[in-house]
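Asks: There's a structure below that I have some questions on.
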Amino acid sequence: MSILQNINEIRNDFPILSEQIHGRDLVYLDNAASTHKPLQVINSISNHYEHNNSNIHRGVHLLSQRATENYENAREKVRNFLNAKSTQEIIFTRGATESINLIASSWGRKNINAGDEILISTMEHHANIVPWQLLCQEKGAILKITAINDDGEIIFEEFEKLLSEKTKLVSIVHVSNTLGTVNPIEKIIEKAHSFGAKVLIDGAQSVPHFKVDMQKCNCDFFVFSGHKLYAPSGIGVLYTKKVILESMPPYQSGGDMILSVSFEKTTFNELPFKFEAGTPNIEGAIGLGFAIDYITNLGLENIKKYEDELLKYGTEKLSQINDLRIIGTAKEKAGVISFVLDSVHPHDVGTMLDLDGIAIRTGHHCTEPLMKRFKVPATSRASFAFYNSFQEIDKLTESIQKVIKMFG
Amino acid sequence: MTEIQQLYQEVILDHNKNPRNFGELPSCTNHAEGKNPLCGDHIDISLLIENDVITDLKFSGSGCAISKASASIMTSEVKNKSILEAKELFEQFHDLVTCAKDKEIDLDKFGKLAVFGGVREFPARVKCASLAWHTLISAIDNKNEIAITE
């Protein structure tokens with residue numbers, strides 16, 4: 001289905017897009033921070049509470065059975081979405097951050113030893129830096145950083161040089177939240193595997209924009225957050241190859257992750273439940289399932305095509321503004337334009353745009369080392385979703401010009 | 001005045017473009033660094049304190065118009081004031097930018113600081129306006145930690 005031809009209909013599915021902000025129509029260009037939720041997702045949550053609310057995996061009564069079935073259906077939707085082999089490989093977490101922490105804490109503590117190396121890139125989100133820093137400190141391991149060029153692309157030759165038999169893990173962002181760069185993960189994974197390293201892909205910014213395939217990319221761990229994928233906040237996913245999951249100790253412990261407990265010994269539950277201690281975010285998982293239905297129905301190829309056009313149009317329009325410099329000019333990009341103005345600090349840009357009803361993100365985007373790499377304290381960032389329109393990009397451009405005039 | 005004109009008054013735009021007391025102070029007796037962890041604003045403040053009086057001060061760093069103008073106006077205002085007076089001024093300023101929107105305030109008694117009267121309408125910008133002040137207090141107390149606005 002063509003998104004352009006159905007844009008009004010699509011926008012109507014997102015009630016918040018009709019909000020008035022300071023008396024203006026909302027122009028929401030902060031999708032890399034969090035996306036809005038379609039009615040289908042919102043209704044799935046009220047429906048759960050109105051008709052099926054109960055705890056899962058433990059009740060003989062009908063409501064518990066329904067809740068369990070819906071929760072597990074959501075897991076199957078995620079499996080299919082990622083093309084994982086089995087639902088046993090899909091673990092629900094609170095978000096991408098918790099997914100990475102789970103791997104660092106469980107797999108990392110067991111497999112990373114003194115002198116081992118973990119390799120990340122300059123463009124990582126803090127969530128893909130700090131857990132590894134802590135693990136390296138704890139174990140006496142070494143965190144290595146692979147460099148990027150001025151366009152914001154990983155320099156592959158440098159990356160290859162950093163790999164060795166000491167490299168135990170490569171953890172790389174799929175799409176940079178700050179630059180929009182799409183990293184060549186298949187190439188990275190293949191190379192890392194040839195040195196025996198495991199690979200984690202942070203897919204928080206990639207799954208909303210294009211199809212990912214666990215069989216094709218062959219990564220060992222893949223993480224993403226629901227709220228950036230039109231689903232509720234507080235739900236996320238960790239995909240891990242079954243053979244690796246089977247060797248991992250529990251992350252958190254308690255109810256639901258056990259088979260039997262006595263004061264002498266506890267037997268852990270089977271996968272994936274071993275990694276989901278306590279009552280999970282049931283309605284969040286259900287909402288995520290509906291969000292996946294929604295974008296699958298639109299078609300990820302259609303989404304990619306439309307968003308690529310938005311990105312191209314936005315890049316052209318913003319490039320025409322004097323004093324504006326785009327940070328992140330990789331050949332392969334998705335959904336994000338970061339920029340700085342010569343004469344105006346990003347915060348002032350953000351406040352001024354807000355008063356025109358335009359929501360963008362300003363700051364370091366949880367990528368401080370990347371800001372340092374580009375020698376800027378912060379950037380302004382416009383990030384797109386399929387519900388954005390070309391007219392909204394025109395409004396953004398006009399508003400930026402107004403800001404420059406005022407501060408000029 | 002519209003909200004935006006209240007926030008970005010001419011005085012603020014002017015101080016942003018031509019900040020006063022901007023630079024280094026090699027002969028300083030006190031120094032502190034301030035950071036706004038959320039947005040990456042960064043400020044360095046150096047003071048020359050003689051007999052409990054701030055006889056000279058400079059600031060440097062990077063930040064938005066609000067934080068830069070606040071630092072610039074603050075340095076002009078506390079120069080040649082005693083430590084006690086500077087701390088009192090901080091309390092007044094803090095109240096000005098953080099008090100409830102509907103609280104009646106007499107802007108006249110705030111002197112040059114009155115231009116920040118619009119900040120309280122923008123909760124997201126309060127930290128920008130107060131970073132320099134927190135850093136000043138930190139410098140007076142000669143704390144070795146980085147001042148933050150939390």
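Naming scheme: A, B, ... for chains in displayed order of the structure tokens; residues 1 onward per chain; ligands 1 onward as shown.
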Could you go through stretch 94-145 of chain A and tell me which residues DSSP, when run on the backbone, assigns to strand (DSSP E or B), listing them as an MDAnalysis selection string?
Replies: chainID A and resid 117:121 142:145
Asks: Take the residues just selected and output them with N, CA and C atoms as a short mmCIF file (atom, residue, chain, number, x, y, z; two decimals), in the first residue's frame.
Replies:
```
data_model
loop_
_atom_site.label_atom_id
_atom_site.label_comp_id
_atom_site.auth_asym_id
_atom_site.auth_seq_id
_atom_site.Cartn_x
_atom_site.Cartn_y
_atom_site.Cartn_z
N GLU A 117 38.89 -8.73 24.99
CA GLU A 117 38.53 -7.42 24.44
C GLU A 117 37.08 -7.40 23.95
N ILE A 118 36.45 -6.25 24.21
CA ILE A 118 35.09 -6.00 23.70
C ILE A 118 35.22 -4.81 22.75
N LEU A 119 34.65 -4.95 21.58
CA LEU A 119 34.83 -3.92 20.55
C LEU A 119 33.49 -3.23 20.24
N ILE A 120 33.48 -1.90 20.41
CA ILE A 120 32.29 -1.12 20.06
C ILE A 120 32.72 0.01 19.11
N SER A 121 31.79 0.84 18.66
CA SER A 121 32.18 1.91 17.74
C SER A 121 32.01 3.28 18.39
N ILE A 142 39.27 -5.34 28.24
CA ILE A 142 39.61 -4.07 27.58
C ILE A 142 38.52 -3.69 26.59
N LEU A 143 38.06 -2.43 26.71
CA LEU A 143 37.05 -1.92 25.78
C LEU A 143 37.77 -1.20 24.64
N LYS A 144 37.55 -1.68 23.41
CA LYS A 144 38.19 -1.04 22.25
C LYS A 144 37.12 -0.32 21.43
N ILE A 145 37.54 0.79 20.82
CA ILE A 145 36.59 1.60 20.07
C ILE A 145 37.03 1.66 18.61
#
```
Asks: List every residue of stretch 37-260 of chain A that DSSP, applied to the backbone of this structure, assigns to alpha helix (DSSP H), and report them as a PyMOL selection string.
Replies: chain A and resi 39-47+62-82+96-103+109-111+130-139+156-162+185-194+214-217+242-245
Asks: Between B:Glu10, B:Asp56, B:Glu88, B:Glu77, which has the minimum distance to chain A (counting only C-alpha atoms)?
Replies: B:Glu10
Asks: Only residues of chain A matter here; which ones have an atom within 8 Å of chain B, counting only C-alpha atoms? Give them as a ChimeraX atom specification.
Replies: /A:344-348,352,355,362-364,377-378,407
Asks: I need the residue nearest A:Asn53 from this list: A:Lys85, A:His22, A:His125, A:Arg66. Use only C-alpha atoms for the distance.
Replies: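 Once distances to A:Asn53 are computed over only C-alpha atoms, the minimum belongs to A:Arg66.
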Asks: Excluding B:Phe22 and any residue of its chain fewer than 3 positions from it, enumerate the residues within 6 Å of it, using only C-alpha atoms, and give them as a PyMOL selection string.
Replies: chain B and resi 19+58-60
Asks: Give me a file of those residues, with N, CA, C and O atoms, as a PDB file, in the first residue's frame.
Replies:
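Heads up, here's the output in part.pdb:
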```pdb
ATOM      1  N   PRO B  19      29.215  38.179  25.110  1.00  0.00           N
ATOM      2  CA  PRO B  19      29.246  37.898  26.556  1.00  0.00           C
ATOM      3  C   PRO B  19      30.293  38.728  27.280  1.00  0.00           C
ATOM      4  O   PRO B  19      31.404  38.907  26.782  1.00  0.00           O
ATOM      5  N   LYS B  58      35.741  35.540  35.738  1.00  0.00           N
ATOM      6  CA  LYS B  58      35.581  35.279  34.299  1.00  0.00           C
ATOM      7  C   LYS B  58      34.884  33.943  34.130  1.00  0.00           C
ATOM      8  O   LYS B  58      34.970  33.057  34.992  1.00  0.00           O
ATOM      9  N   PHE B  59      34.222  33.801  32.995  1.00  0.00           N
ATOM     10  CA  PHE B  59      33.657  32.485  32.691  1.00  0.00           C
ATOM     11  C   PHE B  59      34.009  32.088  31.266  1.00  0.00           C
ATOM     12  O   PHE B  59      34.276  32.926  30.402  1.00  0.00           O
ATOM     13  N   SER B  60      34.026  30.779  31.025  1.00  0.00           N
ATOM     14  CA  SER B  60      34.216  30.273  29.664  1.00  0.00           C
ATOM     15  C   SER B  60      33.415  28.977  29.533  1.00  0.00           C
ATOM     16  O   SER B  60      32.898  28.459  30.510  1.00  0.00           O
TER      17      SER B  60
END
```
Asks: B:Thr55: which residues within 12 Å, counting only C-alpha atoms, same-chain residues fewer than 2 positions away excluded, as a JSON list (two decimals) with N, CA, C and O atoms, in the first residue's frame?
Replies:
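part_31.json written:
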```json
[["chain", "number", "residue", "atom", "x", "y", "z"],
["B", 25, "LEU", "N", 40.97, 33.62, 33.79],
["B", 25, "LEU", "CA", 41.47, 34.49, 34.85],
["B", 25, "LEU", "C", 42.62, 33.76, 35.55],
["B", 25, "LEU", "O", 42.43, 33.07, 36.55],
["B", 27, "SER", "N", 44.93, 34.60, 37.47],
["B", 27, "SER", "CA", 45.27, 34.93, 38.87],
["B", 27, "SER", "C", 44.16, 34.53, 39.84],
["B", 27, "SER", "O", 44.09, 35.06, 40.94],
["B", 28, "CYS", "N", 43.29, 33.61, 39.45],
["B", 28, "CYS", "CA", 42.12, 33.31, 40.28],
["B", 28, "CYS", "C", 42.48, 32.61, 41.59],
["B", 28, "CYS", "O", 43.51, 31.92, 41.68],
["B", 29, "THR", "N", 41.63, 32.82, 42.58],
["B", 29, "THR", "CA", 41.80, 32.10, 43.85],
["B", 29, "THR", "C", 40.84, 30.92, 43.93],
["B", 29, "THR", "O", 41.07, 29.97, 44.66],
["B", 30, "ASN", "N", 39.73, 31.03, 43.22],
["B", 30, "ASN", "CA", 38.71, 29.98, 43.26],
["B", 30, "ASN", "C", 38.29, 29.62, 41.83],
["B", 30, "ASN", "O", 38.26, 30.47, 40.95],
["B", 46, "SER", "N", 36.04, 31.26, 37.09],
["B", 46, "SER", "CA", 37.21, 31.55, 37.93],
["B", 46, "SER", "C", 36.97, 32.84, 38.69],
["B", 46, "SER", "O", 36.49, 33.82, 38.11],
["B", 47, "LEU", "N", 37.29, 32.82, 39.97],
["B", 47, "LEU", "CA", 37.05, 34.00, 40.81],
["B", 47, "LEU", "C", 38.35, 34.47, 41.45],
["B", 47, "LEU", "O", 39.22, 33.66, 41.76],
["B", 48, "LEU", "N", 38.43, 35.78, 41.63],
["B", 48, "LEU", "CA", 39.49, 36.32, 42.46],
["B", 48, "LEU", "C", 38.80, 36.88, 43.71],
["B", 48, "LEU", "O", 38.07, 37.88, 43.63],
["B", 49, "ILE", "N", 38.96, 36.19, 44.82],
["B", 49, "ILE", "CA", 38.31, 36.62, 46.06],
["B", 49, "ILE", "C", 39.37, 37.23, 46.98],
["B", 49, "ILE", "O", 40.37, 36.59, 47.30],
["B", 50, "GLU", "N", 39.13, 38.49, 47.37],
["B", 50, "GLU", "CA", 40.05, 39.16, 48.28],
["B", 50, "GLU", "C", 39.24, 39.72, 49.45],
["B", 50, "GLU", "O", 38.30, 40.49, 49.22],
["B", 51, "ASN", "N", 39.60, 39.33, 50.65],
["B", 51, "ASN", "CA", 38.87, 39.76, 51.86],
["B", 51, "ASN", "C", 37.36, 39.53, 51.73],
["B", 51, "ASN", "O", 36.56, 40.43, 51.98],
["B", 52, "ASP", "N", 37.01, 38.34, 51.30],
["B", 52, "ASP", "CA", 35.60, 37.96, 51.17],
["B", 52, "ASP", "C", 34.83, 38.76, 50.11],
["B", 52, "ASP", "O", 33.59, 38.78, 50.11],
["B", 53, "VAL", "N", 35.55, 39.44, 49.23],
["B", 53, "VAL", "CA", 34.88, 40.17, 48.15],
["B", 53, "VAL", "C", 35.35, 39.60, 46.81],
["B", 53, "VAL", "O", 36.54, 39.32, 46.62],
["B", 57, "LEU", "N", 36.13, 38.20, 38.15],
["B", 57, "LEU", "CA", 35.70, 36.84, 37.76],
["B", 57, "LEU", "C", 35.53, 36.75, 36.25],
["B", 57, "LEU", "O", 35.28, 37.74, 35.57],
["B", 58, "LYS", "N", 35.74, 35.54, 35.74],
["B", 58, "LYS", "CA", 35.58, 35.28, 34.30],
["B", 58, "LYS", "C", 34.88, 33.94, 34.13],
["B", 58, "LYS", "O", 34.97, 33.06, 34.99],
["B", 75, "THR", "N", 28.01, 37.45, 36.06],
["B", 75, "THR", "CA", 29.37, 37.91, 36.36],
["B", 75, "THR", "C", 29.41, 39.43, 36.52],
["B", 75, "THR", "O", 30.10, 39.95, 37.38],
["B", 76, "SER", "N", 28.61, 40.13, 35.70],
["B", 76, "SER", "CA", 28.57, 41.59, 35.84],
["B", 76, "SER", "C", 27.96, 41.99, 37.17],
["B", 76, "SER", "O", 28.39, 42.95, 37.80],
["B", 77, "GLU", "N", 26.95, 41.23, 37.59],
["B", 77, "GLU", "CA", 26.20, 41.58, 38.79],
["B", 77, "GLU", "C", 26.96, 41.30, 40.09],
["B", 77, "GLU", "O", 26.83, 42.02, 41.06],
["B", 78, "VAL", "N", 27.73, 40.20, 40.11],
["B", 78, "VAL", "CA", 28.37, 39.84, 41.40],
["B", 78, "VAL", "C", 29.78, 40.44, 41.55],
["B", 78, "VAL", "O", 30.38, 40.32, 42.61],
["B", 79, "LYS", "N", 30.27, 41.04, 40.48],
["B", 79, "LYS", "CA", 31.60, 41.64, 40.57],
["B", 79, "LYS", "C", 31.60, 42.73, 41.65],
["B", 79, "LYS", "O", 30.70, 43.57, 41.69],
["B", 80, "ASN", "N", 32.60, 42.67, 42.49],
["B", 80, "ASN", "CA", 32.76, 43.60, 43.61],
["B", 80, "ASN", "C", 31.70, 43.45, 44.70],
["B", 80, "ASN", "O", 31.51, 44.34, 45.52],
["B", 81, "LYS", "N", 31.00, 42.33, 44.66],
["B", 81, "LYS", "CA", 30.06, 42.04, 45.76],
["B", 81, "LYS", "C", 30.76, 41.10, 46.74],
["B", 81, "LYS", "O", 31.67, 40.35, 46.38],
["B", 82, "SER", "N", 30.29, 41.14, 47.98],
["B", 82, "SER", "CA", 30.84, 40.21, 48.96],
["B", 82, "SER", "C", 30.28, 38.81, 48.72],
["B", 82, "SER", "O", 29.26, 38.66, 48.03],
["B", 83, "ILE", "N", 30.93, 37.83, 49.27],
["B", 83, "ILE", "CA", 30.47, 36.46, 49.12],
["B", 83, "ILE", "C", 29.03, 36.32, 49.60],
["B", 83, "ILE", "O", 28.21, 35.67, 48.98],
["B", 86, "ALA", "N", 26.63, 37.82, 47.16],
["B", 86, "ALA", "CA", 26.51, 36.98, 45.97],
["B", 86, "ALA", "C", 25.58, 35.80, 46.24],
["B", 86, "ALA", "O", 24.74, 35.44, 45.42]]
```
Asks: For A:His57, find every residue with an atom within 8 Å (counting only C-alpha atoms), except residues of its own chain fewer than 5 positions away, and show them as a PyMOL selection string.
Replies: chain A and resi 64-65+68+256
Asks: Based on the selection just made, write N, CA and C atoms of those residues as an mmCIF file, in the first residue's frame.
Replies:
```cif
data_model
loop_
_atom_site.group_PDB
_atom_site.id
_atom_site.type_symbol
_atom_site.label_atom_id
_atom_site.label_comp_id
_atom_site.auth_asym_id
_atom_site.auth_seq_id
_atom_site.Cartn_x
_atom_site.Cartn_y
_atom_site.Cartn_z
ATOM 1 N N SER A 64 -6.721 -15.982 32.998
ATOM 2 C CA SER A 64 -5.283 -16.216 32.990
ATOM 3 C C SER A 64 -4.874 -16.928 31.702
ATOM 4 N N GLN A 65 -5.724 -17.825 31.247
ATOM 5 C CA GLN A 65 -5.419 -18.529 29.994
ATOM 6 C C GLN A 65 -5.404 -17.560 28.815
ATOM 7 N N THR A 68 -2.342 -15.287 29.056
ATOM 8 C CA THR A 68 -1.155 -16.057 28.688
ATOM 9 C C THR A 68 -1.082 -16.238 27.177
ATOM 10 N N ASP A 256 8.218 -17.427 38.146
ATOM 11 C CA ASP A 256 8.043 -17.614 36.703
ATOM 12 C C ASP A 256 9.294 -18.122 35.988
#
```
Asks: Please list as a list in words every residue within 9 Å of B:Thr135, counting only C-alpha atoms and excluding residues in the same chain fewer than 4 positions away.
Replies: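 The residues satisfying every condition are His31, Ala32, Glu33, Gly34, Lys35, Ile43, Asp44, Ile45, Ser130, Leu131, Ala139, Ile140, Ile146, Ala147, Ile148 and Thr149 of chain B.
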Asks: Can you spit out the residues from that selection as a short mmCIF file (atom, residue, chain, number, x, y, z; two decimals), in the first residue's frame, using N, CA, C and O atoms?
Replies:
```cif
data_model
loop_
_atom_site.label_atom_id
_atom_site.label_comp_id
_atom_site.auth_asym_id
_atom_site.auth_seq_id
_atom_site.Cartn_x
_atom_site.Cartn_y
_atom_site.Cartn_z
N HIS B 31 37.93 28.35 41.68
CA HIS B 31 37.54 27.90 40.35
C HIS B 31 36.53 26.76 40.47
O HIS B 31 36.59 25.96 41.40
N ALA B 32 35.61 26.70 39.54
CA ALA B 32 34.70 25.54 39.50
C ALA B 32 34.24 25.31 38.07
O ALA B 32 34.27 26.20 37.22
N GLU B 33 33.82 24.08 37.85
CA GLU B 33 33.35 23.66 36.54
C GLU B 33 31.90 23.24 36.72
O GLU B 33 31.55 22.62 37.72
N GLY B 34 31.06 23.61 35.76
CA GLY B 34 29.65 23.21 35.85
C GLY B 34 29.21 22.52 34.59
O GLY B 34 29.67 22.84 33.49
N LYS B 35 28.33 21.55 34.75
CA LYS B 35 27.87 20.79 33.58
C LYS B 35 26.39 20.56 33.70
O LYS B 35 25.88 20.29 34.78
N ILE B 43 30.44 24.93 31.64
CA ILE B 43 30.91 26.26 32.01
C ILE B 43 32.06 26.15 33.02
O ILE B 43 32.08 25.24 33.86
N ASP B 44 33.02 27.07 32.87
CA ASP B 44 34.13 27.18 33.81
C ASP B 44 34.06 28.56 34.42
O ASP B 44 33.94 29.55 33.69
N ILE B 45 34.14 28.64 35.73
CA ILE B 45 34.13 29.97 36.36
C ILE B 45 35.35 30.12 37.26
O ILE B 45 35.67 29.22 38.04
N SER B 130 20.18 28.50 35.36
CA SER B 130 20.77 28.44 36.71
C SER B 130 22.14 27.77 36.76
O SER B 130 22.79 27.79 37.80
N LEU B 131 22.60 27.21 35.64
CA LEU B 131 23.89 26.51 35.66
C LEU B 131 25.04 27.40 36.14
O LEU B 131 25.83 27.01 37.00
N ALA B 139 32.20 27.45 43.08
CA ALA B 139 33.53 28.08 43.05
C ALA B 139 33.82 28.81 44.36
O ALA B 139 34.92 28.73 44.90
N ILE B 140 32.80 29.52 44.87
CA ILE B 140 32.98 30.23 46.13
C ILE B 140 33.37 29.25 47.23
O ILE B 140 34.27 29.48 48.02
N ILE B 146 32.24 18.63 40.16
CA ILE B 146 31.61 19.39 39.08
C ILE B 146 30.19 19.77 39.49
O ILE B 146 29.43 18.92 39.94
N ALA B 147 29.88 21.06 39.36
CA ALA B 147 28.54 21.51 39.74
C ALA B 147 27.53 21.04 38.70
O ALA B 147 27.79 21.10 37.50
N ILE B 148 26.41 20.54 39.16
CA ILE B 148 25.33 20.22 38.23
C ILE B 148 24.07 20.92 38.73
O ILE B 148 24.04 21.44 39.84
N THR B 149 23.08 20.95 37.88
CA THR B 149 21.90 21.74 38.22
C THR B 149 20.81 20.90 38.84
O THR B 149 19.70 21.36 39.02
#
```
Asks: Can you pull out every residue within 12 Å of A:Asp220, counting only C-alpha atoms, but drop anything in the same chain fewer than 6 positions away, and send it as a PyMOL selection string?
Replies: chain A and resi 84+89+103+107+168-172+185-186+189-190+192-193+196-202+214+238-245
Asks: Atoms to include: C-alpha atoms. Write the selected residues as a PDB file, in the first residue's frame.
Replies:
```
ATOM      1  CA  ALA A  84      14.085 -15.999  14.548  1.00  0.00           C
ATOM      2  CA  GLU A  89      14.993 -17.173  21.444  1.00  0.00           C
ATOM      3  CA  ILE A 103      23.709  -9.908  28.076  1.00  0.00           C
ATOM      4  CA  TRP A 107      26.652 -13.928  29.170  1.00  0.00           C
ATOM      5  CA  LYS A 168      35.208 -11.883  22.565  1.00  0.00           C
ATOM      6  CA  LEU A 169      32.370  -9.549  21.695  1.00  0.00           C
ATOM      7  CA  VAL A 170      31.582  -6.936  19.062  1.00  0.00           C
ATOM      8  CA  SER A 171      28.642  -4.728  20.021  1.00  0.00           C
ATOM      9  CA  ILE A 172      27.509  -2.334  17.319  1.00  0.00           C
ATOM     10  CA  ILE A 185      26.053  -5.389  10.009  1.00  0.00           C
ATOM     11  CA  GLU A 186      26.232  -8.492   7.831  1.00  0.00           C
ATOM     12  CA  ILE A 189      29.157  -9.974  11.829  1.00  0.00           C
ATOM     13  CA  GLU A 190      30.866 -12.208   9.273  1.00  0.00           C
ATOM     14  CA  ALA A 192      33.819 -10.785  13.772  1.00  0.00           C
ATOM     15  CA  HIS A 193      32.716 -14.414  13.614  1.00  0.00           C
ATOM     16  CA  GLY A 196      35.443 -16.307  17.032  1.00  0.00           C
ATOM     17  CA  ALA A 197      33.819 -13.210  18.548  1.00  0.00           C
ATOM     18  CA  LYS A 198      30.122 -13.011  19.333  1.00  0.00           C
ATOM     19  CA  VAL A 199      28.159 -10.056  17.958  1.00  0.00           C
ATOM     20  CA  LEU A 200      25.437  -7.951  19.548  1.00  0.00           C
ATOM     21  CA  ILE A 201      23.423  -5.631  17.315  1.00  0.00           C
ATOM     22  CA  ASP A 202      21.579  -2.689  18.866  1.00  0.00           C
ATOM     23  CA  MET A 214      18.134 -12.918  12.143  1.00  0.00           C
ATOM     24  CA  LEU A 238      16.264  -9.507  23.430  1.00  0.00           C
ATOM     25  CA  TYR A 239      16.886 -12.040  20.692  1.00  0.00           C
ATOM     26  CA  THR A 240      19.663 -14.527  21.420  1.00  0.00           C
ATOM     27  CA  LYS A 241      20.612 -17.674  19.538  1.00  0.00           C
ATOM     28  CA  LYS A 242      19.237 -20.641  21.421  1.00  0.00           C
ATOM     29  CA  VAL A 243      22.572 -22.421  21.701  1.00  0.00           C
ATOM     30  CA  ILE A 244      23.995 -19.373  23.505  1.00  0.00           C
ATOM     31  CA  LEU A 245      20.938 -18.825  25.706  1.00  0.00           C
TER      32      LEU A 245
END
```
